[in-house]
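Enquirer: The structure follows.
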Amino acid sequence: DSGVTQTPKHLITATGQRVTLRCSPRSGDLSVYWYQQSLDQGLQFLIQYYNGEERAKGNILERFSAQQFPDLHSELNLSSLELGDSALYFCASRAWGSFYGYTFGSGTRLTVV
Amino acid sequence: DAKTTQPTSMDCAEGRAANLPCNHSTISGNEYVYWYRQIHSQGPQYIIHGLKNNETNEMASLIITEDRKSSTLILPHATLRDTAVYYCIALTSYGKLTFGQGTILTVHP
């Protein structure tokens, strides 16, 4: 157990639908990062939050949004889902300035049918 | 962050040392060399990092050349469970982790 909790582990939904992925960071970590990993792509950085504020954006589609709540958990919202959104979605957390890198959760596998 | 270059794939016999190279010729003075690995479909796992000195922990050793343009991750006694994709990343302490294609390490019995 890495200390980063992601729910649900698996999600199957239809095209056009909206889903929410949840991430609870490791205790004390203020930074949360979201990554997408699809079959034909490597790990792609989506977005970063630090203590409730957006800090960096990567290749995140406009149909996707995220937020970090006061208790530091984060949610990634994916809407108008397409088949190509099927992927593993990972959340990672990090203590600010930590030299020991990011701690990743076990991911949410999203399948859009 | 500096770009890193790694071989696409490598093989290693179980019980032998696995030496995974990484080139980072444009690394800047405040960038650390980090190594992560991803075992099939699991979340990436931190292995080790270093700035300019060689480092060792319970998982691996990291050898960084004196000019810091390349490094080698050493798994001293590889096991089948070390089969994974290994990522070498140059990163400042406040930087954003960006993954390349990594090296697919296959450990054979």
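The chains in the structure tokens are called A, B, ... from first to last as shown; in each chain the residues are counted from 1, and the ligands are counted from 1 in the order shown.
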For Thr108 in chain A, list every protein, DNA or RNA residue within 12 Å, evaluated using only C-alpha atoms, and leave out those in the same chain fewer than 3 positions away; present the list as number ranges by chain.
Expert: A: 5-12, 19-23, 34-38, 75-76, 86-91, 104-105, 111; B: 41-43
Enquirer: Leaving out Asp67 in chain B and any residue of its chain fewer than 4 positions from it, which residues lie within 10 Å of it when counting only C-alpha atoms, given as a PyMOL selection string?
Expert: chain B and resi 25+27+52+71
Enquirer: With C-alpha atoms retained, export the selected residues as a PDB file, in the first residue's frame.
Expert:
```
ATOM      1  CA  SER B  25      23.762  15.154 -21.592  1.00  0.00           C
ATOM      2  CA  ILE B  27      21.134  17.991 -17.445  1.00  0.00           C
ATOM      3  CA  LYS B  52      26.162  13.798  -8.396  1.00  0.00           C
ATOM      4  CA  SER B  71      24.036   7.342 -15.229  1.00  0.00           C
TER       5      SER B  71
END
```
Enquirer: I need the chain A residues near chain B as number ranges by chain; criterion: at most 9 Å, counting only C-alpha atoms.
Expert: A: 2, 33, 41-45, 48, 56, 88, 90-92, 96-107
Enquirer: Write the residues of the selection above to a file with C-alpha atoms, as a compact mmCIF listing (two decimals), in the first residue's frame.
Expert:
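Result written to result.txt:
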```txt
# COMPACT_ATOMS: atom_id res chain seq x y z
CA SER A 2 1.63 3.21 -1.22
CA TYR A 33 -0.84 14.95 -9.83
CA GLN A 41 0.68 6.28 -25.26
CA GLY A 42 3.03 6.40 -22.33
CA LEU A 43 2.29 8.06 -19.05
CA GLN A 44 0.92 11.50 -19.86
CA PHE A 45 0.81 14.24 -17.26
CA GLN A 48 -1.25 19.23 -10.81
CA ALA A 56 0.39 23.05 -13.72
CA LEU A 88 -5.45 3.84 -16.81
CA PHE A 90 -3.05 7.40 -12.02
CA CYS A 91 -2.91 9.85 -9.20
CA ALA A 92 0.32 10.68 -7.40
CA TRP A 96 6.33 19.92 -1.54
CA GLY A 97 10.04 19.95 -2.31
CA SER A 98 10.37 16.36 -1.23
CA PHE A 99 13.49 14.68 -2.48
CA TYR A 100 11.83 11.31 -2.43
CA GLY A 101 9.73 11.85 -5.46
CA TYR A 102 6.18 11.04 -6.19
CA THR A 103 4.08 8.29 -4.67
CA PHE A 104 1.58 6.78 -7.06
CA GLY A 105 -1.71 5.11 -6.44
CA SER A 106 -2.69 1.84 -8.05
CA GLY A 107 -4.81 3.58 -10.66
```
Enquirer: Using DSSP on the backbone coordinates, identify all residues within range 12-100 of chain B classified as strand (DSSP E); present the result as a ChimeraX atom specification.
Expert: /B:12-13,18-23,32-38,45-50,55-56,61-64,70-75,84-91
Enquirer: Using only C-alpha atoms, determine which residues lie at most 7 Å from Pro25 in chain A, disregarding the query and same-chain residues fewer than 5 positions distant; provide the list as an mmCIF file with C-alpha atoms, in the first residue's frame.
Expert:
```cif
data_model
loop_
_atom_site.group_PDB
_atom_site.id
_atom_site.type_symbol
_atom_site.label_atom_id
_atom_site.label_comp_id
_atom_site.auth_asym_id
_atom_site.auth_seq_id
_atom_site.Cartn_x
_atom_site.Cartn_y
_atom_site.Cartn_z
ATOM 1 C CA GLY A 3 -0.576 5.472 0.915
ATOM 2 C CA VAL A 4 -2.242 7.014 -2.144
ATOM 3 C CA THR A 5 -5.769 5.697 -2.563
ATOM 4 C CA VAL A 32 -1.592 15.891 -6.233
ATOM 5 C CA HIS A 73 -8.384 14.714 -1.768
ATOM 6 C CA SER A 93 1.099 12.809 -4.402
#
```
Enquirer: One decimal, Å: what's the distance from CA of Ile74 in chain B over to CA of Ala17 in chain B, could you say?
Expert: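 Rounded to one decimal, the two atoms are 6.7 Å apart.
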Enquirer: Check the smallest atom-to-atom distance from each of B:Ser61, B:Tyr87, B:His108, B:Cys22 to Leu75 in chain B using only C-alpha atoms, then report the winner.
Expert: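 The answer is B:Ser61, which sits nearest to Leu75 in chain B.
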Enquirer: Could you please determine the separation between CA of Leu73 in chain B and CA of Thr26 in chain B in Å, to one decimal place?
Expert: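 Atom-to-atom, CA of Leu73 in chain B to CA of Thr26 in chain B, that is 18.6 Å.
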Enquirer: Within 7 Å of Thr83 in chain B, counting only C-alpha atoms, which residues qualify if same-chain residues fewer than 3 places away don't, as a list of chain:residue names?
Expert: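 Using only C-alpha atoms, the neighbours found are B:Ile39, B:Leu80, B:Leu105, B:Thr106, B:Val107.
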Enquirer: Which distance in Å separates CA of Gly29 in chain B and CA of Thr4 in chain B, to one decimal?
Expert: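 Result for CA of Gly29 in chain B versus CA of Thr4 in chain B: 14.9 Å, one decimal.
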Enquirer: For Leu83 in chain A, which of A:Ala14, A:Ala95, A:Leu46, A:Leu39 is the closest residue, counting only C-alpha atoms?
Expert: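 Of A:Ala14, A:Ala95, A:Leu46, A:Leu39, the one nearest Leu83 in chain A is A:Ala14, counting only C-alpha atoms.
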Enquirer: Find, counting only C-alpha atoms, the residue in B:Leu62, B:Asn19, B:Glu55, B:Cys88 that gets nearest to Lys3 in chain B.
Expert: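 Once distances to Lys3 in chain B are computed over only C-alpha atoms, the minimum belongs to B:Cys88.
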